[in-house]
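J.: Coordinates in data-v5.cif, mmCIF, C-alpha atoms, are listed below.
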```
data_run
loop_
_atom_site.label_atom_id
_atom_site.label_comp_id
_atom_site.auth_asym_id
_atom_site.auth_seq_id
_atom_site.Cartn_x
_atom_site.Cartn_y
_atom_site.Cartn_z
CA MET A 1 69.58 -37.63 10.95
CA SER A 2 71.85 -34.73 10.06
CA LEU A 3 72.10 -33.26 6.58
CA ASP A 4 75.42 -32.82 4.82
CA PRO A 5 76.19 -29.06 4.72
CA ALA A 6 76.98 -29.13 1.00
CA LEU A 7 73.66 -30.83 0.24
CA ARG A 8 71.79 -28.41 2.49
CA SER A 9 73.40 -25.56 0.58
CA ARG A 10 72.29 -27.08 -2.74
CA ILE A 11 68.69 -27.33 -1.57
CA GLU A 12 68.68 -23.82 -0.11
CA SER A 13 70.06 -22.45 -3.37
CA LEU A 14 67.24 -24.13 -5.30
CA LEU A 15 64.64 -22.64 -2.98
CA GLN A 16 66.20 -19.17 -3.07
CA ALA A 17 66.34 -19.17 -6.88
CA ASN A 18 62.71 -20.22 -7.36
CA ARG A 19 59.64 -19.03 -5.49
CA VAL A 20 57.70 -22.26 -6.13
CA VAL A 21 59.53 -25.60 -6.22
CA LEU A 22 58.04 -29.07 -6.53
CA PHE A 23 60.25 -32.01 -5.60
CA MET A 24 58.70 -34.93 -7.47
CA LYS A 25 59.31 -38.30 -9.08
CA GLY A 26 59.69 -37.70 -12.80
CA GLN A 27 58.81 -34.54 -14.67
CA PRO A 28 55.52 -32.65 -15.05
CA GLY A 29 55.00 -34.02 -18.56
CA MET A 30 55.97 -37.54 -17.50
CA PRO A 31 55.47 -38.12 -13.76
CA GLN A 32 56.75 -41.41 -12.39
CA CYS A 33 54.22 -41.88 -9.61
CA GLY A 34 50.55 -41.10 -9.09
CA PHE A 35 51.12 -38.70 -6.20
CA SER A 36 53.62 -36.66 -8.20
CA ALA A 37 51.16 -36.62 -11.10
CA LYS A 38 48.47 -35.21 -8.79
CA ALA A 39 50.73 -32.52 -7.35
CA SER A 40 52.10 -31.33 -10.69
CA GLY A 41 48.61 -31.52 -12.17
CA VAL A 42 47.25 -29.13 -9.55
CA LEU A 43 49.99 -26.59 -10.26
CA GLU A 44 49.50 -26.93 -14.01
CA ASP A 45 45.76 -26.39 -13.63
CA LEU A 46 46.34 -23.22 -11.62
CA GLY A 47 48.64 -21.92 -14.35
CA VAL A 48 51.38 -21.08 -11.89
CA GLU A 49 55.05 -21.00 -12.87
CA TYR A 50 57.12 -23.41 -10.83
CA ALA A 51 60.45 -25.18 -10.83
CA HIS A 52 60.55 -28.94 -10.47
CA VAL A 53 63.24 -31.31 -9.26
CA ASN A 54 63.15 -34.92 -10.42
CA VAL A 55 64.39 -36.72 -7.32
CA LEU A 56 64.73 -39.99 -9.27
CA ALA A 57 67.59 -38.39 -11.19
CA ASP A 58 69.29 -37.14 -8.02
CA PRO A 59 69.45 -39.72 -5.18
CA GLU A 60 71.16 -37.21 -2.85
CA ILE A 61 68.29 -34.74 -3.19
CA ARG A 62 65.74 -37.57 -2.96
CA GLU A 63 66.91 -38.50 0.53
CA GLY A 64 68.17 -35.08 1.58
CA ILE A 65 64.90 -33.22 1.00
CA LYS A 66 63.13 -35.61 3.39
CA VAL A 67 65.57 -34.61 6.11
CA PHE A 68 65.64 -30.93 5.13
CA GLY A 69 61.91 -30.41 5.70
CA ASN A 70 61.35 -33.33 8.08
CA TRP A 71 58.80 -34.73 5.63
CA PRO A 72 59.16 -38.44 4.79
CA THR A 73 57.52 -38.68 1.37
CA ILE A 74 57.72 -37.32 -2.17
CA PRO A 75 56.32 -35.10 -3.69
CA GLN A 76 56.97 -31.98 -1.65
CA LEU A 77 55.91 -28.45 -2.51
CA TYR A 78 57.87 -25.41 -1.31
CA VAL A 79 56.67 -21.81 -1.65
CA ASP A 80 58.94 -18.92 -0.64
CA GLY A 81 61.32 -21.43 0.90
CA GLU A 82 58.64 -22.90 3.17
CA LEU A 83 57.40 -26.48 3.00
CA ILE A 84 53.69 -26.65 2.10
CA GLY A 85 53.27 -30.42 2.08
CA GLY A 86 52.62 -33.41 -0.13
CA SER A 87 49.99 -34.25 -2.72
CA ASP A 88 47.05 -34.61 -0.30
CA ILE A 89 47.68 -31.21 1.28
CA ILE A 90 48.23 -29.64 -2.15
CA GLU A 91 44.89 -31.00 -3.38
CA GLN A 92 43.06 -29.89 -0.23
CA MET A 93 44.48 -26.38 -0.42
CA ALA A 94 43.63 -26.16 -4.11
CA ALA A 95 40.05 -27.26 -3.49
CA SER A 96 39.56 -24.69 -0.71
CA GLY A 97 41.14 -21.83 -2.69
CA GLU A 98 43.91 -21.45 -0.10
CA LEU A 99 46.61 -22.48 -2.57
CA SER A 100 45.45 -19.94 -5.17
CA GLN A 101 45.57 -17.22 -2.53
CA LEU A 102 49.04 -18.27 -1.40
CA LEU A 103 50.37 -18.30 -4.95
CA GLY A 104 48.62 -15.10 -5.98
CA VAL A 105 46.66 -16.61 -8.86
CA PRO A 106 42.90 -16.44 -9.57
CA GLU A 107 40.78 -18.96 -7.74
CA PRO A 108 39.59 -21.80 -9.97
CA ASP A 109 36.06 -21.88 -11.33
CA ARG A 110 33.81 -23.77 -8.89
CA THR A 111 30.81 -24.14 -11.18
CA PRO A 112 29.41 -27.69 -10.88
CA PRO A 113 29.71 -29.65 -14.13
CA GLN A 114 26.82 -30.99 -16.17
CA VAL A 115 26.75 -34.76 -15.52
CA THR A 116 24.42 -37.47 -16.83
CA VAL A 117 24.14 -40.75 -14.91
CA THR A 118 22.19 -43.54 -16.59
CA ALA A 119 19.66 -45.54 -14.61
CA ALA A 120 21.86 -48.66 -14.77
CA ALA A 121 24.91 -46.80 -13.46
CA ALA A 122 22.90 -45.06 -10.74
CA GLU A 123 21.61 -48.40 -9.46
CA LYS A 124 25.12 -49.84 -9.19
CA LEU A 125 26.53 -46.70 -7.57
CA ARG A 126 23.72 -46.49 -5.02
CA GLY A 127 24.41 -50.12 -4.17
CA ALA A 128 28.08 -49.34 -3.59
CA LEU A 129 27.13 -46.53 -1.20
CA ALA A 130 24.39 -48.43 0.62
CA ASP A 131 26.40 -49.29 3.74
CA THR A 132 28.79 -46.34 3.84
CA GLY A 133 26.77 -43.94 5.98
CA ASN A 134 27.11 -40.24 5.16
CA ALA A 135 29.46 -40.75 2.23
CA ALA A 136 29.63 -39.50 -1.34
CA LEU A 137 31.27 -40.47 -4.58
CA ALA A 138 34.43 -38.57 -5.50
CA LEU A 139 35.30 -38.47 -9.18
CA SER A 140 38.74 -37.24 -10.19
CA ILE A 141 39.81 -36.81 -13.80
CA ASP A 142 43.53 -36.26 -14.27
CA ALA A 143 45.32 -34.24 -16.93
CA ARG A 144 45.31 -37.28 -19.20
CA PHE A 145 41.52 -37.52 -18.75
CA GLN A 146 41.80 -40.79 -16.86
CA PRO A 147 38.84 -41.01 -14.42
CA ARG A 148 38.95 -42.49 -10.94
CA PHE A 149 36.00 -43.09 -8.62
CA GLN A 150 36.36 -43.27 -4.84
CA ILE A 151 33.99 -43.36 -1.92
CA ALA A 152 34.78 -40.32 0.21
CA PRO A 153 33.33 -38.50 3.22
CA ARG A 154 30.62 -36.03 2.30
CA ASN A 155 32.12 -32.55 2.01
CA ASP A 156 29.56 -29.76 1.94
CA ASN A 157 32.22 -27.35 0.63
CA ALA A 158 33.17 -29.52 -2.34
CA ILE A 159 32.06 -28.87 -5.90
CA ALA A 160 29.25 -31.37 -6.20
CA VAL A 161 26.46 -32.64 -8.44
CA GLU A 162 23.38 -34.36 -7.02
CA THR A 163 21.49 -36.58 -9.43
CA GLN A 164 19.64 -39.90 -9.37
CA GLY A 165 19.90 -39.97 -5.57
CA LEU A 166 23.69 -39.66 -5.77
CA ARG A 167 26.14 -36.99 -4.67
CA ILE A 168 29.27 -36.79 -6.83
CA GLN A 169 32.10 -34.55 -5.60
CA PHE A 170 34.90 -33.02 -7.68
CA ASP A 171 38.08 -31.07 -7.21
CA PRO A 172 38.13 -27.86 -9.31
CA ALA A 173 40.24 -29.25 -12.16
CA SER A 174 38.19 -32.44 -12.39
CA ALA A 175 34.96 -30.42 -12.40
CA ARG A 176 36.10 -28.56 -15.51
CA ARG A 177 37.19 -31.75 -17.24
CA ALA A 178 33.93 -33.51 -16.32
CA ASN A 179 31.51 -31.02 -17.83
CA GLY A 180 29.17 -32.88 -20.17
CA ILE A 181 30.18 -36.43 -19.21
CA THR A 182 27.85 -39.42 -19.24
CA ILE A 183 28.36 -42.18 -16.67
CA ASP A 184 26.98 -45.55 -17.74
CA TRP A 185 27.17 -49.18 -16.66
CA VAL A 186 28.33 -51.63 -19.32
CA ASP A 187 28.01 -55.40 -19.45
CA ASP A 188 29.34 -56.58 -22.81
CA PHE A 189 32.51 -57.85 -24.50
CA ARG A 190 34.48 -55.26 -22.50
CA GLY A 191 33.32 -56.83 -19.24
CA GLN A 192 31.29 -55.26 -16.45
CA GLY A 193 31.90 -51.83 -15.01
CA LEU A 194 31.35 -48.13 -15.14
CA ALA A 195 32.04 -46.42 -18.45
CA ILE A 196 32.52 -42.67 -18.79
CA ASP A 197 31.96 -40.89 -22.08
CA ASN A 198 33.84 -37.60 -21.81
CA PRO A 199 33.48 -35.17 -24.74
CA ASN A 200 36.38 -33.10 -23.36
CA ALA A 201 38.98 -35.87 -23.66
CA PRO A 202 41.53 -35.46 -26.46
CA LYS A 203 40.75 -37.54 -29.53
CA PRO A 204 42.95 -40.59 -30.18
CA VAL A 205 45.91 -40.10 -32.47
CA GLN A 206 44.68 -40.28 -36.07
CA ALA A 207 46.61 -41.53 -39.10
CA ILE A 208 47.19 -39.25 -42.09
CA THR A 209 48.67 -40.24 -45.46
CA PRO A 210 51.79 -38.43 -46.69
CA ALA A 211 49.83 -37.03 -49.65
CA GLU A 212 47.14 -35.55 -47.44
CA ALA A 213 49.73 -34.21 -44.98
CA ASP A 214 51.56 -32.55 -47.88
CA ARG A 215 48.34 -30.94 -49.11
CA GLN A 216 47.29 -29.68 -45.66
CA VAL A 217 50.73 -28.26 -44.84
CA ARG A 218 50.79 -26.34 -48.13
CA SER A 219 47.29 -24.96 -47.48
CA GLY A 220 48.21 -23.86 -43.96
CA GLU A 221 45.81 -26.30 -42.26
CA LEU A 222 48.48 -28.41 -40.59
CA VAL A 223 51.68 -28.02 -38.56
CA LEU A 224 54.15 -30.75 -39.56
CA VAL A 225 56.80 -31.86 -37.08
CA ASP A 226 59.78 -34.01 -38.09
CA VAL A 227 60.84 -35.78 -34.89
CA ARG A 228 64.04 -37.26 -36.37
CA PRO A 229 67.45 -36.01 -35.21
CA PRO A 230 69.46 -33.60 -37.43
CA GLU A 231 71.70 -36.34 -38.85
CA GLU A 232 68.70 -38.21 -40.26
CA ARG A 233 67.10 -35.08 -41.63
CA ALA A 234 70.39 -34.32 -43.40
CA ILE A 235 69.97 -37.58 -45.34
CA ALA A 236 66.36 -36.98 -46.34
CA SER A 237 63.98 -34.11 -45.67
CA VAL A 238 60.54 -33.05 -46.90
CA ALA A 239 60.29 -29.96 -49.09
CA VAL A 240 57.42 -28.36 -47.18
CA PRO A 241 57.49 -26.15 -44.06
CA HIS A 242 57.99 -28.20 -40.96
CA ARG A 243 59.20 -27.95 -37.37
CA THR A 244 61.61 -30.05 -35.33
CA PHE A 245 62.41 -30.81 -31.71
CA ASP A 246 65.83 -29.14 -32.02
CA GLY A 247 66.72 -26.54 -29.38
CA SER A 248 63.54 -25.05 -27.95
CA GLY A 249 61.43 -26.68 -30.66
CA ARG A 250 59.58 -29.01 -28.32
CA LEU A 251 58.76 -26.25 -25.84
CA ASP A 252 57.60 -23.97 -28.66
CA LEU A 253 55.24 -26.68 -29.86
CA GLU A 254 53.92 -27.32 -26.35
CA SER A 255 53.02 -23.62 -26.09
CA LEU A 256 50.73 -23.76 -29.14
CA PRO A 257 46.93 -23.71 -28.61
CA LYS A 258 45.75 -27.16 -27.63
CA ASP A 259 43.44 -27.40 -30.65
CA THR A 260 46.27 -26.86 -33.16
CA ARG A 261 46.24 -29.51 -35.88
CA ILE A 262 49.66 -31.21 -35.65
CA ALA A 263 51.08 -34.15 -37.60
CA PHE A 264 54.30 -35.95 -36.64
CA LEU A 265 56.75 -37.49 -39.10
CA CYS A 266 59.73 -39.83 -38.70
CA HIS A 267 61.44 -42.53 -40.81
CA ARG A 268 58.62 -45.07 -40.99
CA GLY A 269 56.05 -43.95 -38.42
CA GLY A 270 57.15 -45.51 -35.13
CA ARG A 271 58.89 -42.65 -33.35
CA SER A 272 56.41 -40.13 -34.69
CA GLY A 273 53.56 -42.24 -33.32
CA GLN A 274 55.14 -42.10 -29.86
CA ALA A 275 55.60 -38.33 -30.13
CA ALA A 276 51.99 -37.90 -31.26
CA GLU A 277 50.73 -39.91 -28.30
CA GLU A 278 52.87 -37.81 -25.93
CA PHE A 279 51.29 -34.60 -27.23
CA ARG A 280 47.81 -36.13 -27.06
CA ARG A 281 48.43 -36.90 -23.38
CA LYS A 282 49.48 -33.28 -22.88
CA GLY A 283 45.98 -32.24 -23.92
CA PHE A 284 46.38 -31.58 -27.64
CA SER A 285 43.09 -32.53 -29.26
CA ASN A 286 43.96 -32.73 -32.97
CA VAL A 287 47.04 -34.93 -33.26
CA LEU A 288 48.01 -37.06 -36.27
CA ASN A 289 50.77 -39.46 -37.29
CA VAL A 290 52.07 -39.56 -40.88
CA GLU A 291 51.64 -43.16 -42.07
CA GLY A 292 54.85 -44.77 -43.25
CA GLY A 293 56.92 -41.69 -42.43
CA ILE A 294 59.31 -40.08 -44.87
CA ASP A 295 59.95 -43.46 -46.48
CA ARG A 296 56.37 -43.57 -47.80
CA TRP A 297 56.51 -39.81 -48.48
CA ALA A 298 59.40 -40.46 -50.88
CA GLN A 299 57.39 -43.15 -52.68
CA GLU A 300 54.05 -41.37 -52.94
CA VAL A 301 54.66 -37.61 -52.76
CA ASP A 302 58.18 -36.59 -53.72
CA GLY A 303 60.44 -38.99 -55.56
CA SER A 304 63.43 -36.67 -55.12
CA VAL A 305 63.53 -37.44 -51.39
CA PRO A 306 66.25 -40.08 -50.81
CA ARG A 307 65.25 -43.36 -49.19
CA TYR A 308 67.49 -44.86 -46.54
#
```
Let's see the structure in the file written out as structure tokens.
T.:
Amino acid sequence: MSLDPALRSRIESLLQANRVVLFMKGQPGMPQCGFSAKASGVLEDLGVEYAHVNVLADPEIREGIKVFGNWPTIPQLYVDGELIGGSDIIEQMAASGELSQLLGVPEPDRTPPQVTVTAAAAEKLRGALADTGNAALALSIDARFQPRFQIAPRNDNAIAVETQGLRIQFDPASARRANGITIDWVDDFRGQGLAIDNPNAPKPVQAITPAEADRQVRSGELVLVDVRPPEERAIASVAVPHRTFDGSGRLDLESLPKDTRIAFLCHRGGRSGQAAEEFRRKGFSNVLNVEGGIDRWAQEVDGSVPRY
């Protein structure tokens, strides 16, 4: 299949303008498929700057890039204009250190994590491996701290933990996220299955009252973010320092230390709850949602704020 010259020129221009380009489904903060999530996650973990192209938003690029590099699937990683491969190759190169070397970034820490496996979980896992020959367990933990177990071939070069007669292998990013975890087997109201307690996972979004948010903002303990658009803020706005998503506001917030205490505010708490959850998934560990939004703020904190 031939590629339209104009489309080829578009792709070449993208590759010439950016040393590292990931063609993916969705965006790094919101990937639309698991393979794209893996690929972007690897690059994020390495701390490398890269451009991304959401092929779902550009059908011409989605089909054209497959022809351009003679590679049938998405995602695709290009470095210096050369096709590196898809998510499996990206993960393999990251695990071996080859990708770090290619990109000129420090190799990831390969220290094995501290892992506790309970006797009940070990029994079930050994049973699962009983007829698999020379296999091991592979545990991956993505950027949202969602774990996934697989049975994989034993890899003597992998980051691994051996405990309770089990070998558990990790990629470098998962090894860092797994440090201190406890793997247990549960059989209760939740059903039967493995349960992982991970102290590194971001805490769930917490609720905060308008009065407490007001106090903490004034004392400098809390960053308050009003997620409403300018036209709503023009109707009613809080009289304490706060940030917005206007302009580069969202990017500025995303660049804050991940342990920054952040509370989100909207009209009545719905949109701010969604924004808070988005930032929690990005790795922020101290995220709150202002209960009742500015409507409750007007009732309980500042009666001069108009209600609408």
J.: For this structure, which residues satisfy the selection - the PyMOL selection byres ((chain A and resi 57) around 12) - when it is evaluated on the file as given? I want them as a compact mmCIF listing (two decimals) with C-alpha atoms, keeping the file's coordinate frame.
T.:
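Okay, this is what ended up in selection.txt:
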```
# COMPACT_ATOMS: atom_id res chain seq x y z
CA PHE A 23 60.25 -32.01 -5.60
CA MET A 24 58.70 -34.93 -7.47
CA LYS A 25 59.31 -38.30 -9.08
CA GLY A 26 59.69 -37.70 -12.80
CA GLN A 27 58.81 -34.54 -14.67
CA GLN A 32 56.75 -41.41 -12.39
CA HIS A 52 60.55 -28.94 -10.47
CA VAL A 53 63.24 -31.31 -9.26
CA ASN A 54 63.15 -34.92 -10.42
CA VAL A 55 64.39 -36.72 -7.32
CA LEU A 56 64.73 -39.99 -9.27
CA ASP A 58 69.29 -37.14 -8.02
CA PRO A 59 69.45 -39.72 -5.18
CA GLU A 60 71.16 -37.21 -2.85
CA ILE A 61 68.29 -34.74 -3.19
CA ARG A 62 65.74 -37.57 -2.96
CA GLU A 63 66.91 -38.50 0.53
```
J.: I need the residue set behind the PyMOL selection byres ((chain A and resi 143) around 12) for this file; please write it as a ChimeraX atom specification.
T.: /A:28-31,34,37-45,140-142,144-147,173-178,200-202,279-284
J.: Show me, as a list in words, the residues that have an atom within 12 Å of Gly81 (chain A) when counting all atoms listed in the file, minus same-chain residues fewer than 3 positions from it.
T.: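 My list of contacting residues is Ile11, Glu12, Ser13, Leu14, Leu15, Gln16, Ala17, Asn18, Arg19, Val20, Val21, Leu22, Phe68, Gly69, Gln76, Leu77, Tyr78 and Ile84 of chain A.
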J.: Okay, now the selection with C-alpha atoms, as a CSV table (one decimal), keeping the file's coordinate frame?
T.:
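Saved to part_28.csv:
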```csv
chain,number,residue,atom,x,y,z
A,11,ILE,CA,68.7,-27.3,-1.6
A,12,GLU,CA,68.7,-23.8,-0.1
A,13,SER,CA,70.1,-22.4,-3.4
A,14,LEU,CA,67.2,-24.1,-5.3
A,15,LEU,CA,64.6,-22.6,-3.0
A,16,GLN,CA,66.2,-19.2,-3.1
A,17,ALA,CA,66.3,-19.2,-6.9
A,18,ASN,CA,62.7,-20.2,-7.4
A,19,ARG,CA,59.6,-19.0,-5.5
A,20,VAL,CA,57.7,-22.3,-6.1
A,21,VAL,CA,59.5,-25.6,-6.2
A,22,LEU,CA,58.0,-29.1,-6.5
A,68,PHE,CA,65.6,-30.9,5.1
A,69,GLY,CA,61.9,-30.4,5.7
A,76,GLN,CA,57.0,-32.0,-1.6
A,77,LEU,CA,55.9,-28.4,-2.5
A,78,TYR,CA,57.9,-25.4,-1.3
A,84,ILE,CA,53.7,-26.6,2.1
```
J.: One decimal, in Å: what's the spacing between CA of Pro75 (chain A) and CA of Leu7 (chain A)?
T.: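 CA of Leu7 (chain A) lies 18.3 Å from CA of Pro75 (chain A).
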J.: CA of Asp156 (chain A) and CA of Ile89 (chain A) are how many Å apart?
T.: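 Going from CA of Asp156 (chain A) over to CA of Ile89 (chain A), I get 18.2 Å.
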J.: Quick one: distance from CA of Asn134 (chain A) to CA of Ile151 (chain A) in Å, one decimal?
T.: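 Atom-to-atom, CA of Asn134 (chain A) to CA of Ile151 (chain A), that is 10.4 Å.
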J.: Which one of A:Val117, A:Gln150, A:Ser87, A:Arg271 sits closest to Thr132 (chain A) if you count all atoms listed in the file?
T.: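 Going through A:Val117, A:Gln150, A:Ser87, A:Arg271 one by one, the smallest distance to Thr132 (chain A) is for A:Gln150.
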J.: Using only C-alpha atoms, can you list as number ranges by chain the residues within 9 Å of (63.2, -38.0, -35.1)?
T.: A: 226-230, 232-233, 244-245, 265-267, 271-272
J.: Just checking: using all atoms listed in the file, which residue out of A:Gln169, A:Arg268, A:Leu253, A:Val48 ends up closest to Gly104 (chain A)?
T.: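 Going through A:Gln169, A:Arg268, A:Leu253, A:Val48 one by one, the smallest distance to Gly104 (chain A) is for A:Val48.
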J.: Choose the residue, out of A:Gly165, A:Gly127, A:Gly86, A:Gly191, that has the smallest atom-to-atom separation from Phe35 (chain A); count all atoms listed in the file.
T.: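 Comparing A:Gly165, A:Gly127, A:Gly86, A:Gly191 against Phe35 (chain A), the winner is A:Gly86.
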J.: Would you please work out which residue, of A:Ala158, A:Val79, A:Val67, A:Thr116, is nearest to Glu91 (chain A) when using all atoms listed in the file?
T.: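 Among the listed residues, A:Ala158 lies closest to Glu91 (chain A).
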J.: Measuring atom to atom with all atoms listed in the file, identify which of A:Asp197, A:Glu291, A:Glu300, A:Glu254 is nearest to Asp184 (chain A).
T.: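 Using all atoms listed in the file, the shortest distance to Asp184 (chain A) belongs to A:Asp197.
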J.: Show which residues sit within 12 Å of region 208-212 of chain A, as a ChimeraX atom specification. Count all atoms listed in the file, and ignore same-chain residues fewer than 2 positions away.
T.: /A:205-206,214-219,221-222,224,238,240,261-266,268-269,272-273,276,286-302
J.: Residue by residue, what does the PyMOL selection byres ((chain A and resi 3) around 10) grab here? Present the result as a PyMOL selection string.
T.: chain A and resi 1-2+4-9+63-68
J.: Quick one: axis-aligned box around all listed atoms of region 288-307 of chain A, 4 Å on every side, centre and edge lengths in Å to one decimal, written as JSON.
T.:
```
{"center_x": 57.1, "center_y": -40.7, "center_z": -45.9, "size_x": 26.2, "size_y": 16.2, "size_z": 27.3}
```
J.: Go through A:Ala121, A:Gly133, A:Gly97, A:Pro153 one by one, measure the shortest atom-to-atom distance of each to Asp187 (chain A) using only C-alpha atoms, and give the residue with the smallest value.
T.: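 Smallest distance to Asp187 (chain A) is found for A:Ala121.
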